[in-house]
>>> print(open('coords_13.cif').read())   # mmCIF, C-alpha atoms
data_run
#
loop_
_atom_site.group_PDB
_atom_site.id
_atom_site.type_symbol
_atom_site.label_atom_id
_atom_site.label_comp_id
_atom_site.auth_asym_id
_atom_site.auth_seq_id
_atom_site.Cartn_x
_atom_site.Cartn_y
_atom_site.Cartn_z
ATOM 1 C CA MET A 590 94.347 92.623 17.735
ATOM 2 C CA LYS A 591 97.924 93.744 18.329
ATOM 3 C CA TYR A 592 99.297 91.508 15.572
ATOM 4 C CA LEU A 593 96.618 92.616 13.140
ATOM 5 C CA ARG A 594 97.396 96.255 13.902
ATOM 6 C CA GLN A 595 101.142 95.697 13.564
ATOM 7 C CA ALA A 596 100.617 93.821 10.307
ATOM 8 C CA LYS A 597 98.658 96.802 9.011
ATOM 9 C CA ILE A 598 101.469 99.131 10.085
ATOM 10 C CA LEU A 599 103.999 97.076 8.126
ATOM 11 C CA GLU A 600 101.702 97.129 5.113
ATOM 12 C CA LEU A 601 101.232 100.900 5.363
ATOM 13 C CA VAL A 602 104.931 101.756 5.658
ATOM 14 C CA ALA A 603 105.749 99.399 2.797
ATOM 15 C CA ARG A 604 103.167 100.936 0.469
ATOM 16 C CA GLN A 605 103.018 104.598 1.518
ATOM 17 C CA GLN A 606 105.354 107.363 2.561
ATOM 18 C CA ILE A 607 104.483 107.751 6.237
ATOM 19 C CA GLU A 608 106.510 110.589 7.760
ATOM 20 C CA THR A 609 105.086 110.963 11.278
ATOM 21 C CA GLN A 610 103.392 109.004 14.031
ATOM 22 C CA GLU A 611 100.369 111.228 13.550
ATOM 23 C CA GLU A 612 100.118 110.219 9.877
ATOM 24 C CA LEU A 613 100.445 106.576 10.849
ATOM 25 C CA SER A 614 97.759 106.968 13.521
ATOM 26 C CA GLU A 615 95.419 108.583 10.999
ATOM 27 C CA GLN A 616 95.968 105.803 8.440
ATOM 28 C CA LEU A 617 95.308 103.164 11.123
ATOM 29 C CA LYS A 618 92.098 104.928 12.165
ATOM 30 C CA ARG A 619 90.964 105.002 8.519
ATOM 31 C CA ALA A 620 91.602 101.250 8.430
ATOM 32 C CA GLY A 621 89.337 100.766 11.459
ATOM 33 C CA PHE A 622 91.870 100.551 14.289
ATOM 34 C CA GLN A 623 91.318 102.530 17.492
ATOM 35 C CA VAL A 624 94.806 103.737 18.443
ATOM 36 C CA THR A 625 96.477 106.273 20.685
ATOM 37 C CA GLN A 626 99.803 107.983 20.122
ATOM 38 C CA ALA A 627 101.315 105.811 22.873
ATOM 39 C CA THR A 628 100.138 102.614 21.153
ATOM 40 C CA VAL A 629 101.568 103.703 17.808
ATOM 41 C CA SER A 630 104.853 104.687 19.445
ATOM 42 C CA ARG A 631 105.076 101.289 21.178
ATOM 43 C CA ASP A 632 104.276 99.466 17.910
ATOM 44 C CA ILE A 633 106.988 101.405 16.061
ATOM 45 C CA LYS A 634 109.486 100.390 18.735
ATOM 46 C CA GLU A 635 108.401 96.717 18.781
ATOM 47 C CA LEU A 636 108.483 96.499 14.979
ATOM 48 C CA ARG A 637 111.858 98.266 15.001
ATOM 49 C CA LEU A 638 110.818 100.702 12.345
ATOM 50 C CA VAL A 639 113.411 103.280 11.390
ATOM 51 C CA LYS A 640 113.285 106.626 9.647
ATOM 52 C CA ILE A 641 115.012 106.715 6.271
ATOM 53 C CA GLN A 642 115.507 109.499 3.793
ATOM 54 C CA GLY A 643 113.823 108.993 0.438
ATOM 55 C CA ALA A 644 115.100 110.080 -2.958
ATOM 56 C CA ASP A 645 113.019 113.247 -2.621
ATOM 57 C CA GLY A 646 114.838 114.174 0.605
ATOM 58 C CA ARG A 647 111.820 113.557 2.837
ATOM 59 C CA SER A 648 112.067 111.124 5.733
ATOM 60 C CA ARG A 649 109.665 108.235 6.187
ATOM 61 C CA TYR A 650 109.214 105.120 8.292
ATOM 62 C CA SER A 651 110.695 101.895 6.989
ATOM 63 C CA GLU A 652 111.474 98.457 8.281
ATOM 64 C CA SER A 653 114.831 97.824 9.879
ATOM 65 C CA ALA A 654 117.353 96.356 7.469
ATOM 66 C CA GLN A 655 118.762 94.017 10.109
ATOM 67 C CA GLU A 656 117.865 90.509 8.999
ATOM 68 C CA GLY A 657 117.674 89.054 12.516
ATOM 69 C CA ASP A 658 114.970 91.548 13.500
ATOM 70 C CA VAL A 659 112.664 90.769 10.596
ATOM 71 C CA ALA A 660 111.956 87.043 10.921
ATOM 72 C CA PRO A 661 110.153 86.890 14.311
ATOM 73 C CA LYS A 662 107.720 89.715 13.574
ATOM 74 C CA TYR A 663 106.813 88.219 10.214
ATOM 75 C CA ARG A 664 106.304 84.787 11.729
ATOM 76 C CA ASN A 665 103.862 86.331 14.209
ATOM 77 C CA ILE A 666 102.013 88.172 11.456
ATOM 78 C CA LEU A 667 101.699 84.998 9.395
ATOM 79 C CA ARG A 668 100.437 83.050 12.412
ATOM 80 C CA GLU A 669 97.769 85.662 13.057
ATOM 81 C CA ALA A 670 96.759 86.274 9.434
ATOM 82 C CA VAL A 671 96.871 82.932 7.599
ATOM 83 C CA LEU A 672 93.991 80.464 7.633
ATOM 84 C CA SER A 673 95.255 77.842 5.163
ATOM 85 C CA VAL A 674 97.980 77.063 2.645
ATOM 86 C CA ASP A 675 97.824 74.740 -0.375
ATOM 87 C CA PHE A 676 99.432 74.440 -3.780
ATOM 88 C CA ALA A 677 98.631 73.339 -7.327
ATOM 89 C CA GLY A 678 101.485 73.016 -9.768
ATOM 90 C CA ASN A 679 103.968 75.767 -9.061
ATOM 91 C CA ILE A 680 101.377 78.104 -7.463
ATOM 92 C CA VAL A 681 100.870 78.347 -3.699
ATOM 93 C CA VAL A 682 97.512 79.699 -2.511
ATOM 94 C CA VAL A 683 97.461 81.302 0.935
ATOM 95 C CA LYS A 684 94.040 82.063 2.445
ATOM 96 C CA CYS A 685 93.959 84.793 5.105
ATOM 97 C CA PHE A 686 91.519 86.552 7.369
ATOM 98 C CA SER A 687 89.698 89.326 5.545
ATOM 99 C CA GLY A 688 91.889 92.401 5.168
ATOM 100 C CA MET A 689 95.129 90.583 6.011
ATOM 101 C CA GLY A 690 96.230 89.460 2.538
ATOM 102 C CA MET A 691 98.578 92.390 1.910
ATOM 103 C CA ALA A 692 100.243 92.151 5.323
ATOM 104 C CA ALA A 693 100.786 88.404 4.984
ATOM 105 C CA ALA A 694 102.149 88.898 1.456
ATOM 106 C CA THR A 695 104.631 91.435 2.790
ATOM 107 C CA ALA A 696 105.786 88.831 5.298
ATOM 108 C CA ILE A 697 106.052 86.148 2.595
ATOM 109 C CA ASP A 698 107.995 88.496 0.326
ATOM 110 C CA ALA A 699 110.462 89.135 3.163
ATOM 111 C CA MET A 700 111.125 85.426 3.691
ATOM 112 C CA GLU A 701 114.464 84.100 2.556
ATOM 113 C CA GLY A 702 114.521 82.035 -0.613
ATOM 114 C CA SER A 703 115.019 82.753 -4.263
ATOM 115 C CA ASP A 704 112.519 80.085 -5.274
ATOM 116 C CA VAL A 705 109.656 82.590 -5.026
ATOM 117 C CA VAL A 706 109.204 84.162 -8.454
ATOM 118 C CA GLY A 707 106.613 86.630 -7.175
ATOM 119 C CA SER A 708 103.372 87.063 -5.290
ATOM 120 C CA ILE A 709 100.042 88.805 -5.755
ATOM 121 C CA ALA A 710 97.867 89.690 -2.781
ATOM 122 C CA GLY A 711 94.212 90.486 -2.510
ATOM 123 C CA ASP A 712 92.091 91.210 0.525
ATOM 124 C CA ASP A 713 92.141 87.638 1.814
ATOM 125 C CA THR A 714 94.095 85.540 -0.695
ATOM 126 C CA ILE A 715 97.710 85.452 -1.852
ATOM 127 C CA LEU A 716 99.009 83.693 -4.952
ATOM 128 C CA VAL A 717 102.706 82.847 -4.738
ATOM 129 C CA VAL A 718 104.381 81.712 -7.953
ATOM 130 C CA MET A 719 107.268 79.318 -7.310
ATOM 131 C CA ARG A 720 110.051 78.167 -9.663
ATOM 132 C CA SER A 721 108.747 74.583 -9.747
ATOM 133 C CA GLU A 722 106.040 72.302 -8.395
ATOM 134 C CA GLU A 723 108.617 70.705 -6.098
ATOM 135 C CA LYS A 724 109.530 74.117 -4.648
ATOM 136 C CA ALA A 725 105.820 74.943 -4.220
ATOM 137 C CA GLY A 726 105.368 71.768 -2.181
ATOM 138 C CA GLN A 727 108.407 72.544 -0.050
ATOM 139 C CA PHE A 728 107.281 76.135 0.507
ATOM 140 C CA THR A 729 103.779 74.964 1.489
ATOM 141 C CA THR A 730 105.223 72.463 3.978
ATOM 142 C CA GLU A 731 107.562 75.096 5.432
ATOM 143 C CA LEU A 732 104.746 77.625 5.805
ATOM 144 C CA LYS A 733 102.436 75.061 7.424
ATOM 145 C CA LYS A 734 105.173 74.172 9.938
ATOM 146 C CA MET A 735 105.658 77.848 10.723
ATOM 147 C CA LEU A 736 101.916 78.169 11.316
ATOM 148 C CA GLY A 737 101.841 75.097 13.535
ATOM 149 C CA ASN A 738 99.781 72.936 11.124
#
>>> encode(input="coords_13.cif", output="structure tokens")
Amino acid sequence: MKYLRQAKILELVARQQIETQEELSEQLKRAGFQVTQATVSRDIKELRLVKIQGADGRSRYSESAQEGDVAPKYRNILREAVLSVDFAGNIVVVKCFSGMGMAAATAIDAMEGSDVVGSIAGDDTILVVMRSEEKAGQFTTELKKMLGN
């Protein structure tokens, strides 16, 4: 449950301007998570979220820009969210648990590699467009290894 909750937090801060822990708690409760302020505070620390100032001058939570901090949390999210990975041509299809598509797509988008042209996420499926069929096969193999398949 922790990884699902943390994946939702990453999705929320990536897609919305979340200014306070209270706002984040409310958004998590709307998404069906039972959380306390202490849990949210601990998650923010574990995910190494930082406050940044937006163009409008308001502060909001964001992911840490330090590359070394990003990889492990995304690997954990992918392990918890992804059910299967396959490809056809230059398109990789990633099947996820219901409600985890956006969080897993955020993790995929953060992965290193310029061979990903783009991705589209739904509730439980992600389409990743790669530069070539060869790159799609390599990406699928890499993702399966990461997932332990």
>>> residues_around(input="coords_13.cif", residues="stretch 667-671 of chain A", least_positions_apart="3", cutoff="6 Å", atoms="all atoms listed in the file", output="list in words")
Arg664, Lys684, Cys685, Phe686, Met689, Ala693 and Leu736 of chain A
>>> resolve_selection(input="coords_13.cif", expression="the PyMOL selection byres ((chain A and resi 617) around 12)", output="number ranges by chain")
A: 593-602, 607, 610-616, 618-626, 628-629, 632
>>> atom_distance(input="coords_13.cif", atom1="atom CA of A:Tyr663", atom2="atom CA of A:Leu732")
11.7 Å
>>> resolve_selection(input="coords_13.cif", expression="the PyMOL selection byres ((chain A and resi 638-653) around 7)", output="PDB file with C-alpha atoms, keeping the file's coordinate frame")
ATOM      1  CA  VAL A 602     104.931 101.756   5.658  1.00  0.00           C
ATOM      2  CA  ALA A 603     105.749  99.399   2.797  1.00  0.00           C
ATOM      3  CA  GLN A 606     105.354 107.363   2.561  1.00  0.00           C
ATOM      4  CA  ILE A 607     104.483 107.751   6.237  1.00  0.00           C
ATOM      5  CA  GLU A 608     106.510 110.589   7.760  1.00  0.00           C
ATOM      6  CA  ILE A 633     106.988 101.405  16.061  1.00  0.00           C
ATOM      7  CA  LYS A 634     109.486 100.390  18.735  1.00  0.00           C
ATOM      8  CA  LEU A 636     108.483  96.499  14.979  1.00  0.00           C
ATOM      9  CA  ARG A 637     111.858  98.266  15.001  1.00  0.00           C
ATOM     10  CA  ALA A 654     117.353  96.356   7.469  1.00  0.00           C
ATOM     11  CA  GLN A 655     118.762  94.017  10.109  1.00  0.00           C
TER      12      GLN A 655
END
>>> atom_distance(input="coords_13.cif", atom1="atom CA of A:Met691", atom2="atom CA of A:Thr609")
21.8 Å
>>> atom_distance(input="coords_13.cif", atom1="atom CA of A:Ser708", atom2="atom CA of A:Lys734")
20.0 Å
